[in-house]
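> Below is the file work_8.cif, which contains mmCIF, C-alpha atoms, pLDDT in the B column; chains and numbers go by the auth columns.
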data_query
loop_
_atom_site.group_PDB
_atom_site.id
_atom_site.type_symbol
_atom_site.label_atom_id
_atom_site.label_comp_id
_atom_site.label_asym_id
_atom_site.label_seq_id
_atom_site.Cartn_x
_atom_site.Cartn_y
_atom_site.Cartn_z
_atom_site.B_iso_or_equiv
_atom_site.auth_seq_id
_atom_site.auth_asym_id
ATOM 1 C CA MET A 1 -63.419 -20.834 -55.264 43.00 1 F
ATOM 2 C CA ALA A 2 -64.773 -24.106 -54.006 38.00 2 F
ATOM 3 C CA GLY A 3 -62.924 -27.155 -52.729 38.00 3 F
ATOM 4 C CA ALA A 4 -62.783 -29.632 -49.909 34.00 4 F
ATOM 5 C CA GLY A 5 -60.125 -29.697 -47.270 33.00 5 F
ATOM 6 C CA ILE A 6 -57.843 -32.078 -45.519 27.00 6 F
ATOM 7 C CA VAL A 7 -55.697 -31.250 -42.560 28.00 7 F
ATOM 8 C CA SER A 8 -52.402 -29.417 -41.913 29.00 8 F
ATOM 9 C CA LEU A 9 -50.184 -29.419 -38.845 26.00 9 F
ATOM 10 C CA LEU A 10 -49.076 -26.246 -37.167 29.00 10 F
ATOM 11 C CA ALA A 11 -46.660 -26.322 -34.302 30.00 11 F
ATOM 12 C CA GLY A 12 -45.884 -22.870 -32.908 35.00 12 F
ATOM 13 C CA CYS A 13 -46.425 -20.979 -36.253 44.00 13 F
ATOM 14 C CA GLY A 14 -44.860 -23.590 -38.514 40.00 14 F
ATOM 15 C CA THR A 15 -46.607 -26.594 -39.993 37.00 15 F
ATOM 16 C CA THR A 16 -45.278 -30.149 -39.786 33.00 16 F
ATOM 17 C CA ARG A 17 -46.380 -33.237 -41.659 38.00 17 F
ATOM 18 C CA VAL A 18 -47.620 -36.068 -39.466 33.00 18 F
ATOM 19 C CA ALA A 19 -45.790 -39.389 -39.895 29.00 19 F
ATOM 20 C CA GLY A 20 -47.093 -41.164 -42.970 37.00 20 F
ATOM 21 C CA GLY A 21 -48.374 -37.937 -44.483 53.00 21 F
ATOM 22 C CA LYS A 22 -52.009 -39.006 -44.049 46.00 22 F
ATOM 23 C CA ALA A 23 -53.149 -36.484 -41.455 63.00 23 F
ATOM 24 C CA TYR A 24 -52.425 -32.890 -40.528 70.00 24 F
ATOM 25 C CA HIS A 25 -53.226 -30.869 -37.473 72.00 25 F
ATOM 26 C CA VAL A 26 -53.241 -27.115 -37.019 76.00 26 F
ATOM 27 C CA THR A 27 -52.671 -25.455 -33.667 85.00 27 F
ATOM 28 C CA ALA A 28 -54.184 -22.011 -33.293 95.00 28 F
ATOM 29 C CA TYR A 29 -53.622 -19.870 -30.212 97.00 29 F
ATOM 30 C CA ARG A 30 -56.334 -17.952 -28.402 97.00 30 F
ATOM 31 C CA PRO A 31 -55.795 -14.193 -28.638 98.00 31 F
ATOM 32 C CA ASN A 32 -55.443 -12.136 -25.500 98.00 32 F
ATOM 33 C CA ASP A 33 -57.411 -9.353 -27.172 98.00 33 F
ATOM 34 C CA PRO A 34 -59.675 -10.512 -30.037 97.00 34 F
ATOM 35 C CA SER A 35 -60.004 -6.915 -31.246 97.00 35 F
ATOM 36 C CA ALA A 36 -56.237 -6.838 -31.888 98.00 36 F
ATOM 37 C CA VAL A 37 -56.259 -9.791 -34.316 98.00 37 F
ATOM 38 C CA ARG A 38 -55.034 -9.022 -37.841 98.00 38 F
ATOM 39 C CA VAL A 39 -54.902 -11.263 -40.910 98.00 39 F
ATOM 40 C CA LYS A 40 -52.040 -10.990 -43.380 98.00 40 F
ATOM 41 C CA VAL A 41 -51.986 -12.867 -46.689 98.00 41 F
ATOM 42 C CA SER A 42 -48.803 -13.323 -48.716 98.00 42 F
ATOM 43 C CA LEU A 43 -49.724 -14.113 -52.302 98.00 43 F
ATOM 44 C CA SER A 44 -46.174 -14.956 -53.346 98.00 44 F
ATOM 45 C CA LYS A 45 -45.698 -17.433 -50.487 98.00 45 F
ATOM 46 C CA GLN A 46 -49.325 -18.591 -50.452 97.00 46 F
ATOM 47 C CA ASN A 47 -49.395 -18.237 -46.688 97.00 47 F
ATOM 48 C CA VAL A 48 -51.831 -16.716 -44.245 98.00 48 F
ATOM 49 C CA TYR A 49 -50.583 -15.267 -40.968 98.00 49 F
ATOM 50 C CA VAL A 50 -53.058 -14.532 -38.190 98.00 50 F
ATOM 51 C CA MET A 51 -51.324 -12.078 -35.899 98.00 51 F
ATOM 52 C CA GLU A 52 -51.944 -10.311 -32.598 98.00 52 F
ATOM 53 C CA GLY A 53 -49.310 -7.612 -32.667 97.00 53 F
ATOM 54 C CA ASP A 54 -46.023 -9.472 -33.068 96.00 54 F
ATOM 55 C CA ARG A 55 -47.528 -12.710 -31.771 98.00 55 F
ATOM 56 C CA CYS A 56 -48.365 -15.355 -34.367 98.00 56 F
ATOM 57 C CA LEU A 57 -51.657 -17.050 -33.552 98.00 57 F
ATOM 58 C CA MET A 58 -51.725 -19.271 -36.642 97.00 58 F
ATOM 59 C CA ALA A 59 -49.767 -19.600 -39.874 96.00 59 F
ATOM 60 C CA ALA A 60 -50.774 -21.931 -42.674 95.00 60 F
ATOM 61 C CA ALA A 61 -50.380 -22.683 -46.349 93.00 61 F
ATOM 62 C CA ILE A 62 -53.245 -21.527 -48.556 97.00 62 F
ATOM 63 C CA SER A 63 -54.363 -21.562 -52.166 97.00 63 F
ATOM 64 C CA VAL A 64 -54.957 -18.216 -53.867 98.00 64 F
ATOM 65 C CA GLY A 65 -56.340 -17.004 -57.188 98.00 65 F
ATOM 66 C CA THR A 66 -54.785 -17.584 -60.579 98.00 66 F
ATOM 67 C CA SER A 67 -53.414 -14.784 -62.746 96.00 67 F
ATOM 68 C CA ALA A 68 -56.630 -14.901 -64.786 98.00 68 F
ATOM 69 C CA LYS A 69 -58.816 -14.708 -61.677 97.00 69 F
ATOM 70 C CA PRO A 70 -56.573 -13.174 -59.028 98.00 70 F
ATOM 71 C CA THR A 71 -57.178 -12.720 -55.337 98.00 71 F
ATOM 72 C CA PRO A 72 -57.687 -8.972 -54.830 98.00 72 F
ATOM 73 C CA LYS A 73 -54.896 -7.026 -53.130 98.00 73 F
ATOM 74 C CA GLY A 74 -55.404 -4.340 -50.539 98.00 74 F
ATOM 75 C CA ASN A 75 -56.889 -3.706 -47.119 98.00 75 F
ATOM 76 C CA PHE A 76 -60.212 -5.311 -46.257 98.00 76 F
ATOM 77 C CA THR A 77 -62.257 -6.379 -43.258 98.00 77 F
ATOM 78 C CA ILE A 78 -64.143 -9.578 -42.543 98.00 78 F
ATOM 79 C CA TYR A 79 -67.790 -8.562 -42.864 98.00 79 F
ATOM 80 C CA SER A 80 -69.633 -11.880 -43.192 98.00 80 F
ATOM 81 C CA LYS A 81 -69.126 -15.298 -41.613 98.00 81 F
ATOM 82 C CA GLN A 82 -71.060 -18.475 -42.426 97.00 82 F
ATOM 83 C CA GLU A 83 -70.038 -21.877 -41.090 95.00 83 F
ATOM 84 C CA HIS A 84 -71.935 -23.947 -43.681 95.00 84 F
ATOM 85 C CA LYS A 85 -71.675 -21.856 -46.836 95.00 85 F
ATOM 86 C CA ARG A 86 -72.285 -23.470 -50.234 96.00 86 F
ATOM 87 C CA SER A 87 -71.262 -22.184 -53.635 94.00 87 F
ATOM 88 C CA GLY A 88 -73.879 -20.596 -55.832 90.00 88 F
ATOM 89 C CA SER A 89 -71.838 -21.246 -58.986 88.00 89 F
ATOM 90 C CA TYR A 90 -70.291 -24.708 -58.660 89.00 90 F
ATOM 91 C CA GLY A 91 -71.883 -27.823 -57.268 94.00 91 F
ATOM 92 C CA PHE A 92 -74.029 -30.819 -58.037 96.00 92 F
ATOM 93 C CA SER A 93 -77.376 -31.814 -59.481 96.00 93 F
ATOM 94 C CA VAL A 94 -79.180 -34.422 -57.407 96.00 94 F
ATOM 95 C CA GLN A 95 -81.276 -36.562 -59.754 94.00 95 F
ATOM 96 C CA GLY A 96 -82.795 -39.377 -57.731 92.00 96 F
ATOM 97 C CA ASP A 97 -79.881 -41.681 -56.846 91.00 97 F
ATOM 98 C CA ARG A 98 -77.525 -39.847 -59.218 94.00 98 F
ATOM 99 C CA VAL A 99 -75.366 -36.897 -58.216 96.00 99 F
ATOM 100 C CA VAL A 100 -73.619 -35.158 -61.114 94.00 100 F
ATOM 101 C CA PRO A 101 -71.551 -31.946 -61.404 93.00 101 F
ATOM 102 C CA SER A 102 -73.624 -28.862 -62.123 94.00 102 F
ATOM 103 C CA THR A 103 -73.457 -25.085 -62.263 91.00 103 F
ATOM 104 C CA GLY A 104 -77.185 -24.766 -61.654 87.00 104 F
ATOM 105 C CA GLY A 105 -80.125 -24.984 -63.982 83.00 105 F
ATOM 106 C CA GLY A 106 -81.183 -28.120 -65.836 82.00 106 F
ATOM 107 C CA PRO A 107 -82.779 -31.188 -64.286 89.00 107 F
ATOM 108 C CA GLY A 108 -82.477 -32.205 -60.670 92.00 108 F
ATOM 109 C CA ARG A 109 -81.972 -30.331 -57.416 94.00 109 F
ATOM 110 C CA TYR A 110 -78.906 -28.080 -57.313 96.00 110 F
ATOM 111 C CA VAL A 111 -76.671 -28.317 -54.241 96.00 111 F
ATOM 112 C CA GLY A 112 -73.651 -26.014 -54.104 95.00 112 F
ATOM 113 C CA TYR A 113 -70.139 -27.229 -53.375 94.00 113 F
ATOM 114 C CA PRO A 114 -69.254 -26.961 -49.674 94.00 114 F
ATOM 115 C CA MET A 115 -67.261 -23.814 -48.832 96.00 115 F
ATOM 116 C CA GLY A 116 -67.221 -24.339 -45.087 95.00 116 F
ATOM 117 C CA TYR A 117 -66.170 -21.703 -42.577 97.00 117 F
ATOM 118 C CA TRP A 118 -66.726 -18.905 -45.053 98.00 118 F
ATOM 119 C CA CYS A 119 -65.225 -15.542 -44.027 98.00 119 F
ATOM 120 C CA GLU A 120 -66.047 -12.915 -46.652 98.00 120 F
ATOM 121 C CA PHE A 121 -63.751 -9.914 -47.088 98.00 121 F
ATOM 122 C CA ALA A 122 -64.959 -8.567 -50.461 98.00 122 F
ATOM 123 C CA PRO A 123 -68.099 -9.299 -52.495 97.00 123 F
ATOM 124 C CA ALA A 124 -67.894 -12.973 -53.579 94.00 124 F
ATOM 125 C CA TYR A 125 -64.366 -13.334 -52.137 98.00 125 F
ATOM 126 C CA GLY A 126 -63.694 -15.150 -48.905 98.00 126 F
ATOM 127 C CA PHE A 127 -61.567 -17.552 -46.898 98.00 127 F
ATOM 128 C CA HIS A 128 -63.003 -21.090 -46.795 98.00 128 F
ATOM 129 C CA GLN A 129 -62.112 -24.759 -46.474 94.00 129 F
ATOM 130 C CA GLY A 130 -60.728 -26.352 -49.614 93.00 130 F
ATOM 131 C CA PHE A 131 -57.937 -28.154 -51.394 92.00 131 F
ATOM 132 C CA VAL A 132 -54.557 -26.463 -51.079 92.00 132 F
ATOM 133 C CA HIS A 133 -52.293 -26.685 -54.123 92.00 133 F
ATOM 134 C CA PRO A 134 -48.630 -25.683 -54.609 91.00 134 F
ATOM 135 C CA ASN A 135 -49.593 -23.202 -57.334 93.00 135 F
ATOM 136 C CA PRO A 136 -52.346 -20.559 -57.487 97.00 136 F
ATOM 137 C CA ARG A 137 -55.522 -22.471 -58.182 94.00 137 F
ATOM 138 C CA THR A 138 -58.694 -20.665 -57.107 96.00 138 F
ATOM 139 C CA HIS A 139 -61.055 -18.185 -58.749 94.00 139 F
ATOM 140 C CA GLY A 140 -59.890 -15.550 -56.265 97.00 140 F
ATOM 141 C CA CYS A 141 -60.986 -17.000 -52.942 98.00 141 F
ATOM 142 C CA ILE A 142 -58.476 -18.146 -50.335 98.00 142 F
ATOM 143 C CA ARG A 143 -58.621 -21.815 -49.407 97.00 143 F
ATOM 144 C CA LEU A 144 -57.469 -23.325 -46.130 96.00 144 F
ATOM 145 C CA HIS A 145 -57.325 -27.009 -45.229 87.00 145 F
ATOM 146 C CA GLY A 146 -60.356 -28.473 -43.535 84.00 146 F
ATOM 147 C CA GLU A 147 -58.494 -28.688 -40.244 82.00 147 F
ATOM 148 C CA ALA A 148 -57.266 -25.087 -40.478 87.00 148 F
ATOM 149 C CA ALA A 149 -60.437 -23.425 -41.763 93.00 149 F
ATOM 150 C CA PRO A 150 -62.575 -23.776 -38.596 94.00 150 F
ATOM 151 C CA LYS A 151 -59.714 -22.484 -36.477 94.00 151 F
ATOM 152 C CA PHE A 152 -59.257 -19.475 -38.740 97.00 152 F
ATOM 153 C CA PHE A 153 -63.026 -18.996 -38.488 97.00 153 F
ATOM 154 C CA ALA A 154 -62.751 -18.984 -34.674 97.00 154 F
ATOM 155 C CA LEU A 155 -59.866 -16.491 -34.670 98.00 155 F
ATOM 156 C CA VAL A 156 -61.500 -13.813 -36.814 98.00 156 F
ATOM 157 C CA ARG A 157 -64.687 -11.876 -36.231 98.00 157 F
ATOM 158 C CA ILE A 158 -66.781 -9.324 -38.071 98.00 158 F
ATOM 159 C CA GLY A 159 -64.501 -6.321 -38.472 98.00 159 F
ATOM 160 C CA THR A 160 -61.163 -8.181 -38.337 98.00 160 F
ATOM 161 C CA PRO A 161 -58.734 -6.371 -40.688 98.00 161 F
ATOM 162 C CA VAL A 162 -57.250 -8.289 -43.614 98.00 162 F
ATOM 163 C CA ASN A 163 -54.228 -7.188 -45.629 98.00 163 F
ATOM 164 C CA ILE A 164 -53.526 -9.017 -48.890 99.00 164 F
ATOM 165 C CA ALA A 165 -50.253 -8.248 -50.650 98.00 165 F
ATOM 166 C CA THR A 166 -47.623 -9.850 -52.823 98.00 166 F
ATOM 167 C CA THR A 167 -45.355 -10.149 -49.771 98.00 167 F
ATOM 168 C CA GLN A 168 -45.631 -9.657 -46.026 98.00 168 F
ATOM 169 C CA PRO A 169 -42.943 -8.841 -43.419 98.00 169 F
ATOM 170 C CA GLU A 170 -43.754 -12.200 -41.803 98.00 170 F
ATOM 171 C CA ASP A 171 -42.440 -13.963 -44.914 98.00 171 F
ATOM 172 C CA ALA A 172 -38.908 -13.329 -43.611 98.00 172 F
ATOM 173 C CA THR A 173 -39.549 -14.765 -40.158 97.00 173 F
ATOM 174 C CA LEU A 174 -42.354 -17.308 -40.436 96.00 174 F
ATOM 175 C CA ALA A 175 -42.596 -18.586 -44.015 95.00 175 F
ATOM 176 C CA SER A 176 -39.710 -21.035 -43.739 90.00 176 F
ATOM 177 C CA GLY A 177 -41.559 -22.889 -40.993 84.00 177 F
ATOM 178 C CA VAL A 178 -44.788 -23.374 -42.941 85.00 178 F
ATOM 179 C CA GLN A 179 -44.957 -26.875 -44.397 76.00 179 F
ATOM 180 C CA ARG A 180 -46.106 -26.948 -48.004 77.00 180 F
ATOM 181 C CA VAL A 181 -48.994 -29.244 -48.744 78.00 181 F
ATOM 182 C CA ASP A 182 -49.936 -30.597 -52.167 82.00 182 F
ATOM 183 C CA ASP A 183 -53.516 -31.749 -52.669 85.00 183 F
ATOM 184 C CA SER A 184 -53.191 -31.894 -56.446 85.00 184 F
ATOM 185 C CA LYS A 185 -53.301 -35.703 -56.412 84.00 185 F
ATOM 186 C CA THR A 186 -55.984 -35.989 -53.741 86.00 186 F
ATOM 187 C CA PRO A 187 -59.020 -37.814 -55.177 89.00 187 F
ATOM 188 C CA ASP A 188 -62.206 -35.819 -55.576 85.00 188 F
ATOM 189 C CA PRO A 189 -64.597 -36.517 -52.698 88.00 189 F
ATOM 190 C CA ASP A 190 -67.642 -38.676 -53.319 93.00 190 F
ATOM 191 C CA PRO A 191 -70.355 -36.323 -54.660 94.00 191 F
ATOM 192 C CA ARG A 192 -72.972 -38.233 -52.655 94.00 192 F
ATOM 193 C CA LEU A 193 -71.225 -37.093 -49.488 93.00 193 F
ATOM 194 C CA MET A 194 -70.586 -33.565 -50.689 94.00 194 F
ATOM 195 C CA VAL A 195 -74.307 -32.828 -50.977 95.00 195 F
ATOM 196 C CA THR A 196 -74.758 -33.705 -47.277 94.00 196 F
ATOM 197 C CA ASP A 197 -73.377 -32.113 -44.121 92.00 197 F
ATOM 198 C CA SER A 198 -70.477 -34.589 -44.377 89.00 198 F
ATOM 199 C CA GLY A 199 -68.998 -32.165 -46.904 90.00 199 F
ATOM 200 C CA PHE A 200 -68.216 -29.799 -44.045 88.00 200 F
ATOM 201 C CA GLU A 201 -65.198 -30.984 -42.101 80.00 201 F
ATOM 202 C CA LYS A 202 -64.917 -30.850 -38.349 78.00 202 F
ATOM 203 C CA PRO A 203 -61.623 -30.195 -36.541 72.00 203 F
ATOM 204 C CA SER A 204 -60.031 -33.166 -34.815 70.00 204 F
ATOM 205 C CA GLY A 205 -59.388 -31.302 -31.573 74.00 205 F
ATOM 206 C CA PRO A 206 -60.038 -28.032 -29.754 83.00 206 F
ATOM 207 C CA LEU A 207 -60.224 -24.936 -31.940 91.00 207 F
ATOM 208 C CA LEU A 208 -57.944 -22.653 -29.944 95.00 208 F
ATOM 209 C CA GLN A 209 -55.203 -23.424 -27.447 93.00 209 F
#
Would you write out, as structure tokens, the structure that this file holds?


Amino acid sequence: MAGAGIVSLLAGCGTTRVAGGKAYHVTAYRPNDPSAVRVKVSLSKQNVYVMEGDRCLMAAAISVGTSAKPTPKGNFTIYSKQEHKRSGSYGFSVQGDRVVPSTGGGPGRYVGYPMGYWCEFAPAYGFHQGFVHPNPRTHGCIRLHGEAAPKFFALVRIGTPVNIATTQPEDATLASGVQRVDDSKTPDPDPRLMVTDSGFEKPSGPLLQ
């Protein structure tokens, strides 16, 4: 479920790679009526669509669960939000000047992997910042890039409905404009940074337009 994010670029409901491929930016639009916001997840396209009626507020590539540990399908609501969430299952052991991978227990102080901008929709399942891969990769959570995650966090609130399905109607109209992003070759972040607040990314600009 855990991972660290980089950025993706959204222009009008489609994402575009910045020249050089080194940076991404996501534009998210402020809803007219926050209570009308709906989240739709397409597992087959690995896209999330944040909608207000027929208006697309944000669309972005995501990573979803593998066949062995799938993202649950169905209708849910966001019932918990935590900006600086850390994993209770995957992380690091801080042993003096050494920081090594850990699942808890053993020597040292355990610090969970950053899962920033956590939006929980089912017990132990949530949207959060993380690496986005071209193929299903997570343990069931839904990862967004570090630039997209805080904007998604700003768009949803406690009670926002979430529909997760194999396909969504928006696949026919919006999916072709969503730029695919491949973090599979992105180096793992320095563990010494991941145990500090530097593990939680900040957006490069305003959250909502």

> Any chance you could tabulate, as a Markdown table, the residues of stretch 80-134 of chain F at most 10 Å from stretch 146-169 of chain F with each one's nearest atom pair and distance in Å to one decimal, using all atoms listed in the file, in chain and rising number order?


| residue | atom | partner | partner_atom | distance |
| --- | --- | --- | --- | --- |
| F:Ser80 | CA | F:Ile158 | CA | 6.4 |
| F:Lys81 | CA | F:Ile158 | CA | 7.3 |
| F:Gln82 | CA | F:Phe153 | CA | 9.0 |
| F:Glu83 | CA | F:Phe153 | CA | 8.0 |
| F:Met115 | CA | F:Ala149 | CA | 9.8 |
| F:Gly116 | CA | F:Ala149 | CA | 7.6 |
| F:Tyr117 | CA | F:Pro150 | CA | 5.8 |
| F:Trp118 | CA | F:Phe153 | CA | 7.5 |
| F:Cys119 | CA | F:Phe153 | CA | 6.9 |
| F:Glu120 | CA | F:Ile158 | CA | 9.3 |
| F:Phe121 | CA | F:Val162 | CA | 7.5 |
| F:Phe127 | CA | F:Ala149 | CA | 7.9 |
| F:His128 | CA | F:Ala149 | CA | 6.1 |
| F:Gln129 | CA | F:Gly146 | CA | 5.1 |
| F:Gly130 | CA | F:Gly146 | CA | 6.4 |
| F:Phe131 | CA | F:Gly146 | CA | 8.2 |
| F:Val132 | CA | F:Gly146 | CA | 9.7 |

> I'd like to know which of F:Tyr125, F:Leu174, F:Phe92, F:Pro189 is closest to F:Met51, using all atoms listed in the file.

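Checking each candidate against F:Met51, we get F:Leu174 as the closest.
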
> Could you check which of F:Ala61, F:Val94, F:Ala124, F:Leu208 is closest to F:Gly108, using all atoms listed in the file?

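Using all atoms listed in the file, the shortest distance to F:Gly108 belongs to F:Val94.
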
> Any idea what's packed within 12 Å of F:Ser102, counting all atoms listed in the file, ignoring anything in its chain fewer than 6 positions away? Could you give it as an NGL selection string?

:F and (87-95 or 108-113 or 191 or 195)

> Deliver the residues from the most recent selection as a file, using C-alpha atoms, as a PDB file, in the coordinates of the input.


ATOM      1  CA  SER F  87     -71.262 -22.184 -53.635  1.00 94.00           C
ATOM      2  CA  GLY F  88     -73.879 -20.596 -55.832  1.00 90.00           C
ATOM      3  CA  SER F  89     -71.838 -21.246 -58.986  1.00 88.00           C
ATOM      4  CA  TYR F  90     -70.291 -24.708 -58.660  1.00 89.00           C
ATOM      5  CA  GLY F  91     -71.883 -27.823 -57.268  1.00 94.00           C
ATOM      6  CA  PHE F  92     -74.029 -30.819 -58.037  1.00 96.00           C
ATOM      7  CA  SER F  93     -77.376 -31.814 -59.481  1.00 96.00           C
ATOM      8  CA  VAL F  94     -79.180 -34.422 -57.407  1.00 96.00           C
ATOM      9  CA  GLN F  95     -81.276 -36.562 -59.754  1.00 94.00           C
ATOM     10  CA  GLY F 108     -82.477 -32.205 -60.670  1.00 92.00           C
ATOM     11  CA  ARG F 109     -81.972 -30.331 -57.416  1.00 94.00           C
ATOM     12  CA  TYR F 110     -78.906 -28.080 -57.313  1.00 96.00           C
ATOM     13  CA  VAL F 111     -76.671 -28.317 -54.241  1.00 96.00           C
ATOM     14  CA  GLY F 112     -73.651 -26.014 -54.104  1.00 95.00           C
ATOM     15  CA  TYR F 113     -70.139 -27.229 -53.375  1.00 94.00           C
ATOM     16  CA  PRO F 191     -70.355 -36.323 -54.660  1.00 94.00           C
ATOM     17  CA  VAL F 195     -74.307 -32.828 -50.977  1.00 95.00           C
TER      18      VAL F 195
END

> Take the PyMOL selection byres ((chain F and resi 180) around 8), apply it to the structure above, and return the hits as number ranges by chain.

F: 61, 134, 178-179, 181-182
